[in-house]
Every structure is written in C-alpha cells, then in structure tokens.
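This is data_9.csv. It holds CSV, C-alpha atoms and all ligand atoms.
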chain,number,residue,atom,x,y,z
F,1,MET,CA,64.4,25.1,205.3
F,2,TRP,CA,65.5,23.2,202.2
F,3,TRP,CA,62.4,24.3,200.2
F,4,LEU,CA,63.2,27.9,200.7
F,5,GLU,CA,66.7,27.4,199.4
F,6,LEU,CA,65.1,25.5,196.5
F,7,ARG,CA,63.0,28.5,195.7
F,8,VAL,CA,65.8,31.0,196.0
F,9,GLY,CA,67.8,28.7,193.7
F,10,MET,CA,64.9,28.7,191.3
F,11,GLU,CA,64.7,32.5,191.3
F,12,HIS,CA,68.4,32.6,190.6
F,13,LYS,CA,68.1,30.1,187.7
F,14,VAL,CA,65.1,32.0,186.2
F,15,LYS,CA,67.2,35.2,186.2
F,16,GLU,CA,70.2,33.5,184.6
F,17,ILE,CA,68.1,31.9,181.8
F,18,ARG,CA,66.4,35.2,181.2
F,19,GLU,CA,69.7,37.0,180.9
F,20,GLU,CA,71.0,34.3,178.6
F,21,ALA,CA,68.0,34.6,176.4
F,22,GLU,CA,68.3,38.4,176.4
F,23,LYS,CA,71.9,38.3,175.1
F,24,TYR,CA,71.1,35.7,172.5
F,25,ALA,CA,71.4,36.7,168.8
F,26,VAL,CA,69.7,34.9,166.0
F,27,ASN,CA,70.4,35.6,162.4
F,28,THR,CA,69.6,32.4,160.5
F,29,ILE,CA,66.9,29.8,160.5
F,30,GLU,CA,69.4,27.3,162.0
F,31,GLU,CA,70.2,29.6,164.8
F,32,LEU,CA,66.5,30.2,165.4
F,33,GLU,CA,66.0,26.4,165.7
F,34,ALA,CA,68.9,26.1,168.1
F,35,PHE,CA,67.4,28.8,170.3
F,36,ARG,CA,64.0,27.0,170.3
F,37,ILE,CA,65.6,23.7,171.3
F,38,SER,CA,67.8,25.2,173.9
F,39,PHE,CA,65.1,27.2,175.6
F,40,LEU,CA,61.7,25.9,174.7
F,41,GLY,CA,62.4,22.3,173.6
F,42,SER,CA,61.2,19.3,175.5
F,43,LYS,CA,64.7,19.0,177.0
F,44,GLY,CA,65.2,22.7,177.1
F,45,LYS,CA,66.0,25.1,179.9
F,46,VAL,CA,62.4,26.2,180.6
F,47,LYS,CA,61.1,22.6,180.7
F,48,ALA,CA,63.8,21.7,183.1
F,49,LEU,CA,62.6,24.4,185.5
F,50,PHE,CA,59.1,23.0,185.3
F,51,THR,CA,60.6,19.6,186.3
F,52,ASP,CA,62.4,21.2,189.2
F,53,LEU,CA,59.1,22.8,190.3
F,54,LYS,CA,58.0,19.4,191.5
F,55,ASN,CA,60.5,19.6,194.3
F,56,VAL,CA,59.4,23.0,195.5
F,57,ASP,CA,57.3,23.0,198.6
F,58,GLN,CA,53.6,23.3,198.2
F,59,SER,CA,53.4,26.7,199.9
F,60,GLN,CA,56.0,28.1,197.4
F,61,LYS,CA,54.8,26.3,194.3
F,62,ARG,CA,52.4,29.0,193.2
F,63,GLU,CA,54.9,31.8,193.3
F,64,ALA,CA,57.7,29.7,191.8
F,65,GLY,CA,55.3,28.5,189.0
F,66,GLN,CA,54.4,32.1,188.2
F,67,LEU,CA,58.1,32.9,187.9
F,68,ILE,CA,58.7,30.1,185.5
F,69,ASN,CA,55.6,31.0,183.5
F,70,GLY,CA,56.8,34.5,183.2
F,71,LEU,CA,60.2,33.3,181.9
F,72,ARG,CA,58.5,31.0,179.4
F,73,GLU,CA,56.4,33.9,178.1
F,74,PHE,CA,59.5,36.1,177.8
F,75,VAL,CA,61.4,33.4,175.9
F,76,GLN,CA,58.4,32.7,173.7
F,77,GLU,CA,58.1,36.4,172.8
F,78,LYS,CA,61.8,36.5,172.1
F,79,PHE,CA,61.5,33.4,169.9
F,80,ASP,CA,58.5,35.0,168.0
F,81,ALA,CA,60.5,38.2,167.4
F,82,PHE,CA,63.5,36.3,166.2
F,83,LYS,CA,61.3,34.2,163.9
F,84,ASP,CA,59.7,37.3,162.3
F,85,ARG,CA,63.1,38.8,161.6
F,86,VAL,CA,64.6,35.7,160.2
F,87,GLU,CA,61.6,35.0,158.0
F,88,ASN,CA,61.4,38.5,156.6
F,89,LYS,CA,65.1,38.4,155.9
F,90,SER,CA,64.8,35.3,153.9
F,91,LYS,CA,61.8,36.8,152.0
F,92,THR,CA,63.7,39.9,151.0
F,93,ALA,CA,66.8,37.8,150.3
F,94,LYS,CA,64.7,35.9,147.8
F,95,LYS,CA,63.6,39.2,146.1
F,96,LEU,CA,67.1,40.5,146.0
F,97,ASP,CA,69.1,37.7,144.5
F,98,LEU,CA,72.6,39.1,144.6
F,99,SER,CA,73.9,36.3,142.6
F,100,ARG,CA,71.8,37.1,139.5
F,101,PRO,CA,73.6,38.5,136.6
F,102,GLY,CA,73.0,42.3,136.3
F,103,ASP,CA,70.6,43.9,133.8
F,104,GLN,CA,72.6,45.0,130.8
F,105,ILE,CA,72.9,48.7,130.4
F,106,GLU,CA,72.2,49.4,126.7
F,107,ILE,CA,74.4,52.0,125.1
F,108,GLY,CA,72.4,54.4,123.0
F,109,THR,CA,73.4,55.6,119.6
F,110,ARG,CA,73.7,59.1,118.3
F,111,HIS,CA,70.8,60.5,116.3
F,112,PRO,CA,71.5,60.5,112.5
F,113,LEU,CA,70.9,64.3,112.4
F,114,SER,CA,73.5,64.8,115.1
F,115,LEU,CA,76.0,62.6,113.2
F,116,VAL,CA,75.5,64.6,110.0
F,117,ARG,CA,75.6,67.9,111.8
F,118,SER,CA,78.9,66.9,113.5
F,119,GLU,CA,80.3,65.8,110.1
F,120,ILE,CA,79.3,69.1,108.5
F,121,ILE,CA,80.9,71.1,111.3
F,122,GLU,CA,84.0,68.9,111.1
F,123,ILE,CA,84.4,69.4,107.3
F,124,PHE,CA,84.1,73.2,107.5
F,125,SER,CA,86.2,73.6,110.6
F,126,ARG,CA,89.1,72.0,108.6
F,127,ILE,CA,89.1,75.1,106.4
F,128,GLY,CA,88.8,77.6,109.2
F,129,PHE,CA,85.1,78.0,109.8
F,130,THR,CA,84.1,78.6,113.4
F,131,VAL,CA,80.7,77.5,114.8
F,132,SER,CA,78.1,80.1,115.9
F,133,GLU,CA,74.6,79.9,117.2
F,134,GLY,CA,71.6,82.2,117.6
F,135,PRO,CA,68.1,82.1,119.2
F,136,GLU,CA,65.3,80.0,117.8
F,137,ILE,CA,62.8,82.7,118.8
F,138,GLU,CA,63.8,85.6,116.6
F,139,ASP,CA,62.6,89.1,115.8
F,140,ASP,CA,61.6,90.3,112.4
F,141,TRP,CA,64.8,92.3,111.9
F,142,HIS,CA,67.2,89.3,112.2
F,143,ASN,CA,64.9,86.8,110.4
F,144,PHE,CA,63.7,89.1,107.6
F,145,SER,CA,64.4,92.8,107.5
F,146,ALA,CA,68.2,92.8,107.8
F,147,LEU,CA,68.3,90.1,105.2
F,148,ASN,CA,66.7,92.4,102.7
F,149,PHE,CA,63.2,91.1,102.8
F,150,PRO,CA,61.2,94.4,102.4
F,151,ALA,CA,58.1,94.7,104.6
F,152,GLU,CA,55.0,93.4,102.9
F,153,HIS,CA,57.2,91.9,100.2
F,154,PRO,CA,55.9,88.7,98.8
F,155,ALA,CA,59.3,87.2,99.3
F,156,ARG,CA,58.3,86.7,103.0
F,157,ASP,CA,55.7,84.2,101.8
F,158,MET,CA,58.5,82.0,100.6
F,159,GLN,CA,58.7,80.8,104.2
F,160,ASP,CA,55.5,80.1,106.2
F,161,THR,CA,56.2,81.6,109.5
F,162,PHE,CA,55.1,80.7,113.0
F,163,PHE,CA,54.5,84.0,114.7
F,164,ILE,CA,54.9,84.3,118.5
F,165,GLU,CA,53.9,88.0,118.7
F,166,LYS,CA,52.1,89.9,116.0
F,167,GLY,CA,53.3,93.5,115.9
F,168,LYS,CA,51.6,96.7,114.7
F,169,THR,CA,54.0,96.6,111.8
F,170,PRO,CA,55.8,93.6,110.4
F,171,LYS,CA,59.0,95.0,112.0
F,172,ASP,CA,57.7,94.4,115.5
F,173,GLU,CA,56.9,90.8,115.0
F,174,ILE,CA,58.5,88.0,116.9
F,175,ALA,CA,58.5,84.5,115.3
F,176,LEU,CA,60.2,81.1,115.4
F,177,ARG,CA,63.1,81.6,113.0
F,178,THR,CA,62.4,80.2,109.5
F,179,HIS,CA,66.0,79.7,108.6
F,180,THR,CA,69.5,80.0,110.2
F,181,SER,CA,70.3,82.9,107.9
F,182,SER,CA,69.2,85.0,111.0
F,183,VAL,CA,72.5,84.0,112.7
F,184,GLN,CA,74.4,85.5,109.8
F,185,VAL,CA,73.0,88.9,110.8
F,186,ARG,CA,73.8,88.4,114.4
F,187,MET,CA,77.4,87.5,113.5
F,188,MET,CA,77.8,90.5,111.2
F,189,GLU,CA,76.4,92.9,113.8
F,190,ASN,CA,78.7,91.6,116.5
F,191,SER,CA,82.0,91.4,114.7
F,192,GLN,CA,83.9,93.0,111.8
F,193,PRO,CA,85.3,90.9,108.9
F,194,PRO,CA,87.1,88.7,108.3
F,195,LEU,CA,84.3,86.4,109.2
F,196,ARG,CA,84.2,82.7,108.5
F,197,THR,CA,81.5,80.9,110.4
F,198,ILE,CA,78.8,78.1,110.1
F,199,SER,CA,75.7,78.2,112.2
F,200,PRO,CA,73.9,74.9,112.7
F,201,GLY,CA,70.4,75.0,114.3
F,202,ARG,CA,66.7,74.1,114.2
F,203,VAL,CA,64.3,76.1,112.2
F,204,TYR,CA,60.5,76.2,112.0
F,205,ARG,CA,57.9,76.5,109.2
F,206,ASN,CA,54.2,76.3,109.1
F,207,GLU,CA,54.0,73.3,106.9
F,208,ALA,CA,51.7,70.3,106.9
F,209,ILE,CA,53.7,67.3,108.1
F,210,SER,CA,54.4,64.7,105.4
F,211,ALA,CA,57.2,62.4,104.2
F,212,ARG,CA,58.7,65.4,102.4
F,213,ALA,CA,58.0,68.3,104.7
F,214,HIS,CA,58.0,69.0,108.5
F,215,CYS,CA,57.1,71.9,110.7
F,216,PHE,CA,60.6,71.9,112.1
F,217,PHE,CA,63.9,70.8,110.6
F,218,HIS,CA,67.6,71.6,110.8
F,219,GLN,CA,69.9,73.8,108.7
F,220,VAL,CA,73.5,74.8,108.6
F,221,GLU,CA,74.2,78.3,107.5
F,222,GLY,CA,77.6,79.3,106.2
F,223,LEU,CA,79.0,82.9,106.0
F,224,TYR,CA,82.4,84.1,104.7
F,225,ILE,CA,83.2,87.8,104.5
F,226,ASP,CA,86.5,89.3,103.8
F,227,LYS,CA,88.2,91.5,101.2
F,228,ASN,CA,88.0,90.2,97.7
F,229,VAL,CA,85.8,87.1,98.3
F,230,SER,CA,84.6,85.9,95.0
F,231,PHE,CA,82.0,83.6,93.5
F,232,ALA,CA,84.9,81.3,92.6
F,233,ASP,CA,85.7,81.0,96.3
F,234,LEU,CA,82.1,80.0,97.0
F,235,LYS,CA,82.1,77.4,94.3
F,236,GLN,CA,85.4,75.8,95.4
F,237,THR,CA,84.3,75.8,99.0
F,238,LEU,CA,81.1,73.9,98.1
F,239,LEU,CA,82.9,71.5,95.9
F,240,TYR,CA,85.3,70.7,98.7
F,241,PHE,CA,82.3,70.2,101.0
F,242,ALA,CA,80.5,67.9,98.5
F,243,LYS,CA,83.6,65.7,98.1
F,244,GLU,CA,84.3,65.5,101.8
F,245,MET,CA,80.7,64.6,102.5
F,246,PHE,CA,79.8,62.3,99.6
F,247,GLY,CA,83.1,61.1,98.4
F,248,GLU,CA,85.9,62.0,96.0
F,249,ASN,CA,83.8,61.4,92.9
F,250,ALA,CA,81.0,63.8,94.0
F,251,GLN,CA,80.4,66.7,91.5
F,252,ILE,CA,78.4,69.8,92.0
F,253,ARG,CA,76.4,72.1,89.6
F,254,LEU,CA,75.0,75.6,90.3
F,255,ARG,CA,71.7,76.7,88.9
F,256,PRO,CA,70.7,80.4,89.0
F,257,SER,CA,68.1,81.2,91.7
F,258,TYR,CA,66.7,83.9,93.8
F,259,PHE,CA,67.1,84.8,97.5
F,260,PRO,CA,66.6,88.3,98.9
F,261,PHE,CA,69.9,88.3,100.8
F,262,THR,CA,72.2,87.1,98.0
F,263,GLU,CA,73.0,88.5,94.6
F,264,PRO,CA,73.7,86.6,92.5
F,265,SER,CA,72.1,83.5,94.0
F,266,ALA,CA,72.2,79.9,93.1
F,267,GLU,CA,70.9,76.5,94.1
F,268,VAL,CA,73.5,73.7,94.2
F,269,ASP,CA,73.0,70.1,93.2
F,270,VAL,CA,75.3,67.3,93.9
F,271,SER,CA,75.7,64.3,91.6
F,272,CYS,CA,73.3,61.5,92.8
F,273,THR,CA,75.0,59.4,95.4
F,274,ILE,CA,72.4,56.8,95.2
F,275,CYS,CA,72.8,55.8,91.5
F,276,ASN,CA,76.2,57.3,90.8
F,277,SER,CA,74.4,59.8,88.4
F,278,LYS,CA,73.0,57.0,86.3
F,279,GLY,CA,69.5,58.0,87.1
F,280,CYS,CA,67.1,56.6,89.8
F,281,ASN,CA,63.8,57.5,91.3
F,282,VAL,CA,65.5,59.6,94.1
F,283,CYS,CA,67.2,61.9,91.6
F,284,LYS,CA,64.1,61.6,89.3
F,285,TYR,CA,66.4,60.2,86.6
F,286,THR,CA,68.3,63.5,86.4
F,287,GLY,CA,71.5,62.3,88.1
F,288,TRP,CA,71.5,65.4,90.3
F,289,LEU,CA,70.1,66.1,93.8
F,290,GLU,CA,69.5,69.6,95.2
F,291,ILE,CA,71.4,70.1,98.5
F,292,LEU,CA,71.6,73.9,99.3
F,293,GLY,CA,71.1,77.5,98.4
F,294,CYS,CA,73.9,80.0,98.2
F,295,GLY,CA,75.1,83.3,96.7
F,296,MET,CA,77.2,86.4,97.2
F,297,VAL,CA,75.9,88.4,100.2
F,298,ASP,CA,73.8,91.3,98.9
F,299,PRO,CA,75.5,94.7,99.7
F,300,ASN,CA,72.2,95.8,101.3
F,301,VAL,CA,72.7,93.0,103.8
F,302,LEU,CA,76.2,94.0,104.6
F,303,GLU,CA,75.2,97.6,105.0
F,304,ALA,CA,72.3,96.7,107.3
F,305,SER,CA,74.8,95.2,109.7
F,306,ASN,CA,77.3,98.1,109.4
F,307,ILE,CA,79.8,96.3,107.2
F,308,ASP,CA,81.3,98.5,104.4
F,309,SER,CA,80.2,96.8,101.2
F,310,LYS,CA,82.8,98.8,99.2
F,311,THR,CA,85.6,97.2,101.1
F,312,PHE,CA,84.2,93.8,101.9
F,313,SER,CA,82.4,91.1,100.0
F,314,GLY,CA,81.3,87.6,101.0
F,315,PHE,CA,79.3,84.5,100.3
F,316,ALA,CA,76.7,82.7,102.2
F,317,PHE,CA,75.0,79.3,101.9
F,318,GLY,CA,72.4,77.4,103.7
F,319,MET,CA,71.7,73.6,103.7
F,320,GLY,CA,69.2,71.3,105.2
F,321,VAL,CA,70.7,68.7,107.6
F,322,GLU,CA,67.8,66.3,107.0
F,323,ARG,CA,68.4,66.6,103.2
F,324,ILE,CA,72.1,65.7,103.6
F,325,ALA,CA,71.2,62.9,106.0
F,326,GLN,CA,68.6,61.6,103.6
F,327,LEU,CA,71.2,61.3,100.8
F,328,LYS,CA,73.8,59.9,103.1
F,329,TYR,CA,71.6,57.3,104.8
F,330,LYS,CA,69.0,56.9,102.1
F,331,VAL,CA,66.1,57.8,104.4
F,332,ASN,CA,63.1,58.9,102.4
F,333,ASP,CA,60.6,59.9,105.0
F,334,LEU,CA,61.4,63.0,107.0
F,335,ARG,CA,59.0,62.1,109.8
F,336,LEU,CA,61.3,59.2,110.9
F,337,TYR,CA,63.8,61.7,112.3
F,338,SER,CA,61.5,63.0,115.0
F,339,GLU,CA,59.4,59.8,115.9
F,340,ASN,CA,62.1,58.5,118.2
F,341,ASP,CA,61.6,54.9,117.2
F,342,VAL,CA,64.7,53.2,118.5
F,343,ARG,CA,64.5,50.6,115.8
F,344,PHE,CA,65.2,53.4,113.3
F,345,LEU,CA,67.6,55.3,115.5
F,346,ARG,CA,69.8,52.2,116.3
F,347,GLN,CA,70.8,51.8,112.6
F,348,PHE,CA,73.2,54.7,112.6
F,349,THR,CA,76.8,54.6,113.7
F,350,SER,CA,79.1,57.4,113.8
F,351,GLY,CA,82.2,56.2,112.0
F,352,MET,CA,83.8,59.3,113.4
F,401,LIG,N1,67.9,80.6,104.1
F,401,LIG,C1,67.6,79.9,102.9
F,401,LIG,C2,66.4,78.9,103.1
F,401,LIG,O1,66.1,78.6,104.3
F,401,LIG,C3,68.8,79.1,102.5
F,401,LIG,C4,69.9,79.9,102.0
F,401,LIG,C5,69.9,80.3,100.6
F,401,LIG,C6,70.8,80.4,102.8
F,401,LIG,C7,70.9,81.1,100.2
F,401,LIG,C8,71.8,81.2,102.4
F,401,LIG,C9,71.9,81.5,101.0
F,401,LIG,O2,72.8,81.7,103.2
F,401,LIG,O3,72.9,82.3,100.6
F,401,LIG,O4,65.8,78.5,102.2
As structure tokens, what does this structure read like?
Ligand code: DAH
Amino acid sequence: MWWLELRVGMEHKVKEIREEAEKYAVNTIEELEAFRISFLGSKGKVKALFTDLKNVDQSQKREAGQLINGLREFVQEKFDAFKDRVENKSKTAKKLDLSRPGDQIEIGTRHPLSLVRSEIIEIFSRIGFTVSEGPEIEDDWHNFSALNFPAEHPARDMQDTFFIEKGKTPKDEIALRTHTSSVQVRMMENSQPPLRTISPGRVYRNEAISARAHCFFHQVEGLYIDKNVSFADLKQTLLYFAKEMFGENAQIRLRPSYFPFTEPSAEVDVSCTICNSKGCNVCKYTGWLEILGCGMVDPNVLEASNIDSKTFSGFAFGMGVERIAQLKYKVNDLRLYSENDVRFLRQFTSGM
C-alpha cells in the first residue's frame, strides 16, 4: 500500500515543517524574507508538499490536501506576525535614532539678587556676623510694637502693610513683614548679647508696581549688640562693607534721619559707582547714592526684648538687596528682577 506510506510520510513532513516554523525566530527584515522564501516561496517547503500531493492516492488526497492547507495557513500567520513585529520595530527605531547627538542640557545662572545676597553675607561673615532668618508672615509685635512703633502712631504709615488678619487692636494684627527688622527682635528675644547677625529675607509692601517700587523686595538687616558698641563702630563697619562691595575707592556719608527703633538714626549714601562721583543721572548729579538706613538701637527696643540697656548697646542697619544689585549691575527697572525673563537673567555671573 504505497499510497498509505506516502500519506503517513506526508503527515510526518507537515509536522516537521510546522515544528521548524514554530522554532523560527525573526528579528530583521532580511530574516523575514529568508523565512518567506524558505516556507512560502515558489521553491519553498509548503510548495514542495503541494507538489508531492500529486503522488498521493485519489482516496487520500482530500485529507492530505487539508493537512497541507492547514500548514500553509499556520506558516502564513506566523509570517504575518513576524512582519508586524519587524515593521513596528523599524518604525520605532526611526523615531528613536540612537545615533543622534543628545539635546544639550543648558546650565542655568544664579539670579542677580541671589548673587548680591550671597556677596553681602560673605562680606559680613568675614567680620564675624552670623546669618539668621525669621518668618515672612509676622505678628504686630515683631514687625512694629517691639521696634518702638507705638500703636496708632503715624510712623506705621511709613510702611504700607499687607494685613493677613485684622485684630481688635493693632497689637493682634498679623501681616506680611514690611522689613527684616522683625528678625532683630526675634534674635534679641532668643539670645543674650553679644549678638552679631545679619538677616536676609523677602519683605512686602502695598505699593503700586513701577520701575522704582515693587510690592515685594529683599532686605538684609544687620544687628550688633555688645558692651560699649559705639556709633564709630557702626560707621567703620559700613565703610568696610561699602569698600568690599563697591571697591576700594568707595566712600560713604551719613545723613541724620529718623527710624522709631534707632536713636540716633542715619541714612547712608555711597559714592556713585556709576560716574565715580562725577555726577550722572543715576546719582542725580550729586555724586552720592542712598544704600541703607541705620542707627544705634533705641534702648526701648533693647528693653522690649529683655536686654539690659544700661549694660548693652548696639547698632542696626537695613539695606535693600535690589538697590545694591541696581548699583552693582546698573539695572534701573525693579520689575526685571521678578519677570523671570531668561534673556535678563542670563547676563549675570557669579564671579564668586
Ligand atoms: N527697616 C528699615 C526699612 O525697611 C531699614 C532700617 C533702618 C533698618 C534703620 C535698620 C535701621 O535696622 O537701623 O526702611
């Protein structure tokens, strides 16, 4: 029964080819084509079986034909699946070109106000000042009362306050701090002299925003309390600061002024860095630029924080960081500092 053997032989072959196709792995377009030629091509394995089918006895042909058709479908499905995979792979490979040079990561620059603040800290830390900080949301006591601003006193109008909570009396009010002098009070409450500290921080005032004013800005407060601290110490400290900040030729002058928390009080000008004191539109042809307020800490302020004003004396000063930055970098519009325009921000380098 030769035809039966033929059929059994055919079954065997179909099984073999099927197993071979099952084990086959295709990863590239070339391998896919090799698979197609080997199994489905005109001289491929499936075609060869159809050729062999001619020799199968008529009575067995139908069954044998079905077997081969089944195999062809199986191999075709396998081919389609391989094709899908390979084509998708090449699509994503196109999207993800691993040979492309990477995007450059741009390094940012430090904000000019950070640079100036760091420089101020650096200068004062060289003569023994520590750095201290306090909260931006402050109570009346620390922002006003302990600093000798009497309740209802017009001196409070010097600074337009953003209130957070209105109290029954001014003493219960909570506000955004209007100056970093509030940190002085916190330092005096928490430690006994000698005290030598600077307090950098953000402050808020209810001002219309313009080139010359903003509703928030930055200050650095200074406080020095010990036995026998004199006005001469204050003056020399500020002269040292001006020379370190603006250069050896910088000069300062003090003009009498008024602050509730210092007595006597002064405003300090530095010789104009822009025109070397020759007179320009920034210094309004005076040769001088105002940079800070200062004075000897009022005994009332010391006593409010339980420091004995008979034993101790001290000086304090407060400067605007934007103001110093303006002089250092010749920026004449305050708004630029908070607009975050990278074309502006990229111009400053630390040099530190
Ligand atoms: N707090 C003042 C202001 O914001 C600045 C100031 C003046 C601070 C005199 C002081 C000082 O410590 O002694 O205008």
(Q) Please identify all protein, DNA and RNA residues within 6 Å of ligand LIG 401 (chain F), counting only C-alpha atoms and all ligand atoms, and report them as JSON, numbers by chain. (A) {"F": [179, 181, 221, 259, 262, 293, 294, 295, 316, 317, 318]}
Q: Could you please determine the separation between CA of Gly128 (chain F) and CA of Val185 (chain F) in Å, to one decimal place?
A: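 Atom-to-atom, CA of Gly128 (chain F) and CA of Val185 (chain F) are spaced 19.5 Å apart.
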**Q.** Residues near Ile137 (chain F), cut-off 12 Å, all atoms listed in the file, skip fewer than 6 positions along chain, as a PyMOL selection string
**A.** chain F and resi 143+161-165+173-180+182-183+201-204
**Q.** Contact residues around Ser230 (chain F) with all atoms listed in the file at 8 Å, ignoring same-chain residues under 6 positions, as a list in words
**A.**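 My reading of the contact set: Met296, Ser313, Gly314 and Phe315 of chain F.
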Q: Point out the residue among F:Leu334, F:Cys272, F:Ala242, F:Ile307 with the least atom-to-atom distance to Glu119 (chain F), counting only C-alpha atoms.
A: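 Selected residue with least distance to Glu119 (chain F): F:Ala242.
Note that CA of Arg205 (chain F) and CA of Thr237 (chain F) are 28.3 Å apart.
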